[in-house]
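J.: This one is structure_16.txt, compact mmCIF, C-alpha atoms and all ligand atoms.
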```txt
# COMPACT_ATOMS: atom_id res chain seq x y z
CA MET A 28 -147.47 -243.19 -215.89
CA LYS A 29 -147.39 -242.22 -212.21
CA LYS A 30 -146.17 -238.73 -211.35
CA ASP A 31 -143.48 -238.12 -208.76
CA LEU A 32 -144.16 -236.35 -205.50
CA VAL A 33 -141.93 -235.56 -202.52
CA LEU A 34 -143.34 -236.01 -199.02
CA CYS A 35 -141.27 -234.75 -196.08
CA ILE A 36 -141.99 -235.42 -192.41
CA THR A 37 -140.26 -233.21 -189.84
CA GLY A 38 -140.25 -233.22 -186.04
CA ALA A 39 -143.39 -231.17 -185.42
CA SER A 40 -146.28 -232.80 -183.65
CA GLY A 41 -148.84 -234.27 -186.05
CA CYS A 42 -146.87 -236.85 -188.00
CA ILE A 43 -150.25 -238.56 -188.47
CA TYR A 44 -150.85 -236.01 -191.26
CA GLY A 45 -147.75 -237.15 -193.14
CA TYR A 46 -148.63 -240.76 -192.53
CA ARG A 47 -152.19 -240.29 -193.81
CA LEU A 48 -150.89 -238.50 -196.91
CA LEU A 49 -148.59 -241.45 -197.52
CA GLU A 50 -151.52 -243.87 -197.21
CA ILE A 51 -153.59 -241.90 -199.68
CA LEU A 52 -150.94 -240.96 -202.26
CA TYR A 53 -148.96 -244.19 -202.19
CA LYS A 54 -150.95 -245.99 -204.89
CA ASP A 55 -151.22 -243.16 -207.41
CA PHE A 56 -147.82 -241.44 -207.13
CA ASN A 57 -144.15 -242.34 -206.94
CA ILE A 58 -143.53 -241.10 -203.43
CA HIS A 59 -140.08 -239.89 -202.47
CA LEU A 60 -140.21 -239.77 -198.68
CA ILE A 61 -137.76 -237.84 -196.51
CA ILE A 62 -138.05 -237.99 -192.72
CA SER A 63 -135.82 -235.83 -190.51
CA PRO A 64 -134.15 -237.36 -187.42
CA SER A 65 -136.61 -235.44 -185.22
CA GLY A 66 -139.41 -236.66 -187.46
CA TYR A 67 -138.49 -240.23 -186.56
CA VAL A 68 -138.45 -239.34 -182.84
CA VAL A 69 -141.94 -237.82 -182.98
CA MET A 70 -143.25 -240.63 -185.19
CA LYS A 71 -142.16 -243.16 -182.60
CA GLU A 72 -143.71 -241.08 -179.81
CA GLU A 73 -147.03 -240.34 -181.49
CA LEU A 74 -147.64 -243.35 -183.75
CA GLY A 75 -145.30 -245.97 -182.29
CA LEU A 76 -143.76 -246.41 -185.74
CA THR A 77 -140.13 -246.79 -186.81
CA ARG A 78 -138.33 -246.45 -190.14
CA GLU A 79 -138.60 -250.24 -190.57
CA ASP A 80 -142.36 -250.13 -189.99
CA ILE A 81 -142.74 -247.54 -192.75
CA LEU A 82 -140.73 -249.67 -195.19
CA GLU A 83 -142.76 -252.75 -194.29
CA ARG A 84 -146.10 -251.01 -194.80
CA PHE A 85 -145.06 -249.09 -197.91
CA PRO A 86 -142.49 -251.29 -199.64
CA ASN A 87 -142.48 -249.27 -202.87
CA VAL A 88 -141.84 -245.92 -201.23
CA ASN A 89 -138.50 -244.31 -202.05
CA LEU A 90 -137.32 -243.51 -198.53
CA ILE A 91 -134.35 -241.12 -198.83
CA PRO A 92 -132.06 -240.30 -195.88
CA SER A 93 -132.36 -236.63 -194.92
CA SER A 94 -128.54 -236.47 -195.00
CA LYS A 95 -128.40 -237.48 -198.70
CA ILE A 96 -127.81 -234.01 -200.06
CA ASP A 97 -126.92 -235.40 -203.53
CA SER A 98 -130.39 -236.97 -203.93
CA HIS A 99 -132.26 -236.27 -207.19
CA THR A 100 -134.79 -234.19 -205.22
CA ALA A 101 -131.99 -231.69 -204.54
CA SER A 102 -131.63 -231.04 -208.27
CA GLY A 103 -133.76 -228.54 -210.15
CA SER A 104 -133.39 -230.52 -213.38
CA ARG A 105 -135.19 -233.46 -211.76
CA LEU A 106 -137.60 -231.76 -209.36
CA CYS A 107 -138.98 -229.37 -211.99
CA VAL A 108 -141.31 -232.04 -213.41
CA TYR A 109 -142.62 -233.25 -210.05
CA LYS A 110 -146.25 -232.81 -208.98
CA GLY A 111 -145.18 -231.07 -205.78
CA VAL A 112 -143.33 -231.10 -202.48
CA ILE A 113 -145.30 -231.49 -199.24
CA VAL A 114 -143.82 -230.99 -195.78
CA ALA A 115 -146.33 -232.45 -193.32
CA PRO A 116 -145.95 -231.71 -190.53
CA CYS A 117 -143.48 -228.85 -190.90
CA SER A 118 -141.66 -227.74 -187.74
CA MET A 119 -140.87 -224.11 -186.98
CA SER A 120 -137.20 -225.02 -187.24
CA SER A 121 -137.56 -226.37 -190.78
CA LEU A 122 -139.77 -223.39 -191.63
CA ALA A 123 -137.00 -221.04 -190.47
CA CYS A 124 -134.42 -222.82 -192.63
CA ILE A 125 -136.66 -222.81 -195.70
CA ALA A 126 -137.64 -219.15 -195.20
CA ASN A 127 -134.02 -218.08 -194.92
CA GLY A 128 -132.44 -220.28 -197.58
CA ILE A 129 -130.43 -222.35 -195.11
CA ASN A 130 -129.95 -225.98 -196.12
CA GLN A 131 -129.15 -228.13 -193.11
CA ASN A 132 -130.60 -231.29 -194.64
CA LEU A 133 -132.20 -232.67 -197.79
CA ILE A 134 -135.67 -231.48 -196.75
CA HIS A 135 -134.56 -227.85 -196.68
CA ARG A 136 -132.66 -228.20 -199.96
CA THR A 137 -135.62 -229.88 -201.70
CA CYS A 138 -137.89 -227.04 -200.55
CA GLU A 139 -135.39 -224.47 -201.76
CA VAL A 140 -135.30 -226.14 -205.17
CA ALA A 141 -139.11 -226.32 -205.28
CA LEU A 142 -139.29 -222.56 -204.68
CA LYS A 143 -136.72 -221.68 -207.33
CA GLU A 144 -138.24 -224.08 -209.90
CA ARG A 145 -141.80 -222.97 -209.09
CA VAL A 146 -142.78 -226.52 -208.14
CA PRO A 147 -145.77 -226.36 -205.77
CA LEU A 148 -144.52 -226.39 -202.18
CA ILE A 149 -146.97 -227.05 -199.36
CA LEU A 150 -145.89 -226.48 -195.76
CA LEU A 151 -148.30 -227.92 -193.20
CA LEU A 152 -147.16 -226.08 -190.09
CA ARG A 153 -147.76 -227.08 -186.47
CA GLU A 154 -146.99 -224.93 -183.47
CA MET A 155 -149.01 -223.05 -180.88
CA PRO A 156 -148.79 -220.20 -180.16
CA TYR A 157 -146.73 -218.59 -182.91
CA SER A 158 -143.88 -216.20 -182.09
CA VAL A 159 -143.28 -213.13 -184.24
CA LEU A 160 -140.32 -215.00 -185.78
CA HIS A 161 -142.61 -217.85 -186.83
CA ILE A 162 -145.07 -215.40 -188.39
CA GLU A 163 -142.30 -213.50 -190.19
CA ASN A 164 -140.93 -216.77 -191.58
CA MET A 165 -144.40 -217.75 -192.77
CA LEU A 166 -144.69 -214.42 -194.58
CA LYS A 167 -141.27 -214.92 -196.19
CA VAL A 168 -142.04 -218.37 -197.57
CA ALA A 169 -145.51 -217.31 -198.70
CA ARG A 170 -143.96 -214.39 -200.59
CA ALA A 171 -141.45 -216.80 -202.12
CA GLY A 172 -144.31 -218.93 -203.45
CA ALA A 173 -144.95 -221.61 -200.84
CA ILE A 174 -148.49 -222.49 -199.76
CA VAL A 175 -148.59 -222.08 -195.99
CA MET A 176 -151.18 -224.26 -194.28
CA PRO A 177 -151.68 -224.40 -190.54
CA ALA A 178 -152.69 -227.84 -189.30
CA SER A 179 -156.02 -226.49 -188.09
CA PRO A 180 -159.14 -228.39 -189.09
CA GLY A 181 -162.48 -226.72 -189.75
CA PHE A 182 -165.65 -227.86 -188.03
CA TYR A 183 -168.30 -226.89 -190.57
CA HIS A 184 -168.21 -230.38 -192.08
CA LYS A 185 -169.42 -231.73 -188.69
CA PRO A 186 -166.56 -234.11 -187.85
CA GLN A 187 -167.59 -237.21 -185.90
CA SER A 188 -164.16 -238.62 -185.17
CA LEU A 189 -160.47 -237.87 -184.92
CA GLN A 190 -160.11 -239.42 -188.38
CA ASP A 191 -162.58 -236.86 -189.77
CA LEU A 192 -160.46 -234.02 -188.35
CA ILE A 193 -157.25 -235.49 -189.78
CA ASP A 194 -158.88 -236.10 -193.15
CA PHE A 195 -160.14 -232.51 -193.34
CA VAL A 196 -156.59 -231.17 -193.01
CA VAL A 197 -155.16 -233.80 -195.38
CA GLY A 198 -157.97 -233.07 -197.85
CA LYS A 199 -157.04 -229.37 -197.86
CA VAL A 200 -153.44 -230.32 -198.65
CA LEU A 201 -154.64 -232.44 -201.58
CA ASP A 202 -156.90 -229.59 -202.76
CA SER A 203 -153.89 -227.28 -202.95
CA LEU A 204 -152.24 -229.73 -205.38
CA ASP A 205 -155.44 -230.29 -207.38
CA ILE A 206 -155.55 -233.95 -206.37
CA LYS A 207 -159.08 -235.39 -206.37
CA HIS A 208 -160.33 -236.90 -203.09
CA ASN A 209 -163.37 -237.62 -200.99
CA LEU A 210 -161.90 -236.93 -197.57
CA TYR A 211 -164.31 -234.27 -196.37
CA LYS A 212 -167.70 -232.86 -197.31
CA ARG A 213 -167.46 -229.55 -199.12
CA TRP A 214 -169.57 -226.61 -198.09
CA LYS A 215 -172.92 -226.52 -199.89
CA SER A 216 -175.11 -223.42 -199.81
C1 LIG C 1 -142.86 -234.84 -179.06
C2 LIG C 1 -142.34 -233.60 -179.75
C3 LIG C 1 -143.25 -232.73 -180.32
C4 LIG C 1 -142.81 -231.58 -180.98
N1 LIG C 1 -143.74 -230.75 -181.54
C5 LIG C 1 -143.32 -229.68 -182.24
C6 LIG C 1 -144.28 -228.87 -182.91
O1 LIG C 1 -145.50 -229.10 -182.88
N2 LIG C 1 -143.81 -227.84 -183.66
C7 LIG C 1 -142.49 -227.56 -183.78
O2 LIG C 1 -142.16 -226.62 -184.50
N3 LIG C 1 -141.54 -228.31 -183.13
C8 LIG C 1 -141.93 -229.36 -182.38
N4 LIG C 1 -141.00 -230.16 -181.75
C9 LIG C 1 -139.58 -229.76 -181.79
C10 LIG C 1 -138.89 -230.20 -183.08
O3 LIG C 1 -138.86 -231.61 -183.15
C11 LIG C 1 -137.45 -229.63 -183.06
O4 LIG C 1 -137.49 -228.22 -183.20
C12 LIG C 1 -136.58 -230.21 -184.13
O5 LIG C 1 -135.31 -229.62 -184.05
C13 LIG C 1 -137.14 -229.99 -185.52
O6 LIG C 1 -136.21 -230.46 -186.47
P1 LIG C 1 -136.64 -230.82 -187.95
O7 LIG C 1 -137.39 -229.66 -188.50
O8 LIG C 1 -135.35 -231.05 -188.68
O9 LIG C 1 -137.44 -232.07 -187.92
C14 LIG C 1 -141.42 -231.30 -181.08
C15 LIG C 1 -140.52 -232.20 -180.50
C16 LIG C 1 -140.97 -233.32 -179.84
C17 LIG C 1 -139.97 -234.26 -179.24
```
Hey, can you dump this file as structure tokens for me?

T.:
Amino acid sequence: MKKDLVLCITGASGCIYGYRLLEILYKDFNIHLIISPSGYVVMKEELGLTREDILERFPNVNLIPSSKIDSHTASGSRLCVYKGVIVAPCSMSSLACIANGINQNLIHRTCEVALKERVPLILLLREMPYSVLHIENMLKVARAGAIVMPASPGFYHKPQSLQDLIDFVVGKVLDSLDIKHNLYKRWKS
């Protein structure tokens, strides 16, 4: 039976990471997808995609409105058996809410529940440069149990294309959830 996994896309640049994760995980997991209003704005800007396009390309995805605060992902009794919660990309605004226990939408609440239930929570952050507030919030969520990942690809696998760079970052996200993949060449010495 397929395991459940929550994928959240917020309004940071780099929604291609969330999209690529959706492409890869779609077949093997029941994906519960939450996209913030800003996430839709950036998705349109960067990928030219709308909510309808996502539903057309991934008809079996469970796309949940970010305003649906009574969703099952907001409940510890349901989320506790999930494979994990990924926020990719994660904006500094969503990071701040998660780090400070403020639930302004379903994404923040789902992350809060993941932390309290010890469900793996991966935050793929994107901003440059970081302010002290950003760094303090990263420290807070890391101490609370989240895995903080900057969207910064390595170059030791000798990327040849933009896709290689994207797949390196996405591969690291999958590694953190112990999901097998072939997205980048591992270091051999
Ligand atoms: C084109 C575009 C790119 C953005 N890139 C970033 C970014 O890389 N990191 C970030 O933290 N916010 C970025 N923002 C700002 C966020 O969208 C904004 O803070 C928003 O309130 C985040 O809300 P959300 O976390 O609920 O999606 C960007 C906004 C736009 C329009």

J.: Between A:Tyr46, A:Tyr53, A:Phe85, A:Tyr157, single out the one closest to ligand LIG 1 (chain C), counting all atoms listed in the file.

T.: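 Counting all atoms listed in the file, the residue closest to ligand LIG 1 (chain C) is A:Tyr157.
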
J.: Can you work out which residues are within 8 Å of ligand LIG 1 (chain C), considering only C-alpha atoms and all ligand atoms, and then hand them over as a list in words?

T.: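 Counting only C-alpha atoms and all ligand atoms, the residues within 8 Å of ligand LIG 1 (chain C) come out as Ile36, Thr37, Gly38, Ala39, Ser40, Gly41, Ile62, Ser63, Pro64, Ser65, Gly66, Val68, Val69, Glu72, Glu73, Cys117, Ser118, Met119, Ser120, Ser121, Leu122, Asn132, Leu152, Arg153, Glu154 and Met155 of chain A.
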
J.: Mind checking which residues fall within 10 Å of segment 175-177 of chain A, counting only C-alpha atoms, ignoring those fewer than 2 positions away in the same chain, and posting them as a PyMOL selection string?

T.: chain A and resi 115-117+122+148-154+165-166+168-169+172-173+179-180+196+199-200+203

J.: Calculated over all atoms listed in the file, which of the candidates A:Ile206, A:Thr137, A:Trp214, A:Lys167 has the smallest distance to Gly181 of chain A?

T.: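 When distances to Gly181 of chain A are compared using all atoms listed in the file, the smallest one comes from A:Trp214.
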
J.: In terms of the shortest atom-to-atom distance over all atoms listed in the file, which of A:Ile58, A:Val108, A:Ile81, A:Ile43 is closest to Ala178 of chain A?

T.: A:Ile43

J.: Quick one: distance from atom CA of Ala101 of chain A to atom CA of Ile174 of chain A in Å, one decimal?

T.: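 These atoms are spaced 19.5 Å apart.
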
J.: When you draw a straight line from atom CA of Phe182 of chain A to atom CA of Ser158 of chain A, how long is it in Å?

T.: 25.4 Å

J.: To one decimal place, how far is atom CA of Pro186 of chain A from atom CA of His208 of chain A in Å?

T.: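 So the two atoms, atom CA of Pro186 of chain A and atom CA of His208 of chain A, lie 16.7 Å apart.
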
J.: Around (-141.8, -245.4, -204.8) in the file's frame, which residues reach within 10 Å when counting only C-alpha atoms? Return as a list in words?

T.: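 All residues meeting the 10 Å criterion around (-141.8, -245.4, -204.8) are Lys29, Asp31, Leu32, Tyr53, Lys54, Phe56, Asn57, Ile58, His59, Leu60, Phe85, Pro86, Asn87, Val88, Asn89 and Leu90 of chain A.
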
J.: Can you pull out every residue within 9 Å of segment 139-143 of chain A, counting all atoms listed in the file, but drop anything in the same chain fewer than 2 positions away, and send it as an MDAnalysis selection string?

T.: chainID A and resid 100:103 106:107 111:112 125:126 128:130 134:137 145:148 168 171:173

J.: Take the selection from the previous step and output its residues with C-alpha atoms, as a PDB file, in the coordinates of the input.

T.:
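Everything below was put into selection.pdb:
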```pdb
ATOM      1  CA  THR A 100    -134.790-234.190-205.220  1.00  0.00           C
ATOM      2  CA  ALA A 101    -131.990-231.690-204.540  1.00  0.00           C
ATOM      3  CA  SER A 102    -131.630-231.040-208.270  1.00  0.00           C
ATOM      4  CA  GLY A 103    -133.760-228.540-210.150  1.00  0.00           C
ATOM      5  CA  LEU A 106    -137.600-231.760-209.360  1.00  0.00           C
ATOM      6  CA  CYS A 107    -138.980-229.370-211.990  1.00  0.00           C
ATOM      7  CA  GLY A 111    -145.180-231.070-205.780  1.00  0.00           C
ATOM      8  CA  VAL A 112    -143.330-231.100-202.480  1.00  0.00           C
ATOM      9  CA  ILE A 125    -136.660-222.810-195.700  1.00  0.00           C
ATOM     10  CA  ALA A 126    -137.640-219.150-195.200  1.00  0.00           C
ATOM     11  CA  GLY A 128    -132.440-220.280-197.580  1.00  0.00           C
ATOM     12  CA  ILE A 129    -130.430-222.350-195.110  1.00  0.00           C
ATOM     13  CA  ASN A 130    -129.950-225.980-196.120  1.00  0.00           C
ATOM     14  CA  ILE A 134    -135.670-231.480-196.750  1.00  0.00           C
ATOM     15  CA  HIS A 135    -134.560-227.850-196.680  1.00  0.00           C
ATOM     16  CA  ARG A 136    -132.660-228.200-199.960  1.00  0.00           C
ATOM     17  CA  THR A 137    -135.620-229.880-201.700  1.00  0.00           C
ATOM     18  CA  ARG A 145    -141.800-222.970-209.090  1.00  0.00           C
ATOM     19  CA  VAL A 146    -142.780-226.520-208.140  1.00  0.00           C
ATOM     20  CA  PRO A 147    -145.770-226.360-205.770  1.00  0.00           C
ATOM     21  CA  LEU A 148    -144.520-226.390-202.180  1.00  0.00           C
ATOM     22  CA  VAL A 168    -142.040-218.370-197.570  1.00  0.00           C
ATOM     23  CA  ALA A 171    -141.450-216.800-202.120  1.00  0.00           C
ATOM     24  CA  GLY A 172    -144.310-218.930-203.450  1.00  0.00           C
ATOM     25  CA  ALA A 173    -144.950-221.610-200.840  1.00  0.00           C
TER      26      ALA A 173
END
```

J.: Using all atoms listed in the file, pick whichever of A:Ile193, A:Val33, A:Ala123, A:Cys138 has the shortest atom-to-atom distance to His161 of chain A.

T.: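 Using all atoms listed in the file, the shortest distance to His161 of chain A belongs to A:Ala123.
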
J.: From the list A:Arg47, A:Lys30, A:Lys95, A:Lys215, which residue is nearest Gln190 of chain A when using all atoms listed in the file?

T.: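 Among A:Arg47, A:Lys30, A:Lys95, A:Lys215, it is A:Arg47 that comes nearest to Gln190 of chain A.
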
J.: Which is closer to Asp55 of chain A than all the others in A:Cys42, A:Leu133, A:Met28, A:Cys35, using only C-alpha atoms?

T.: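 Answer, going by the shortest atom-to-atom distance: A:Met28.
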
J.: Set up a box along x, y and z of the file covering all listed atoms of segment 78-90 of chain A, add 8 Å on every one of the six sides, and write the centre and edge lengths in Å to one decimal, as JSON.

T.:
```
{"center_x": -141.7, "center_y": -248.1, "center_z": -196.4, "size_x": 24.8, "size_y": 25.2, "size_z": 28.9}
```
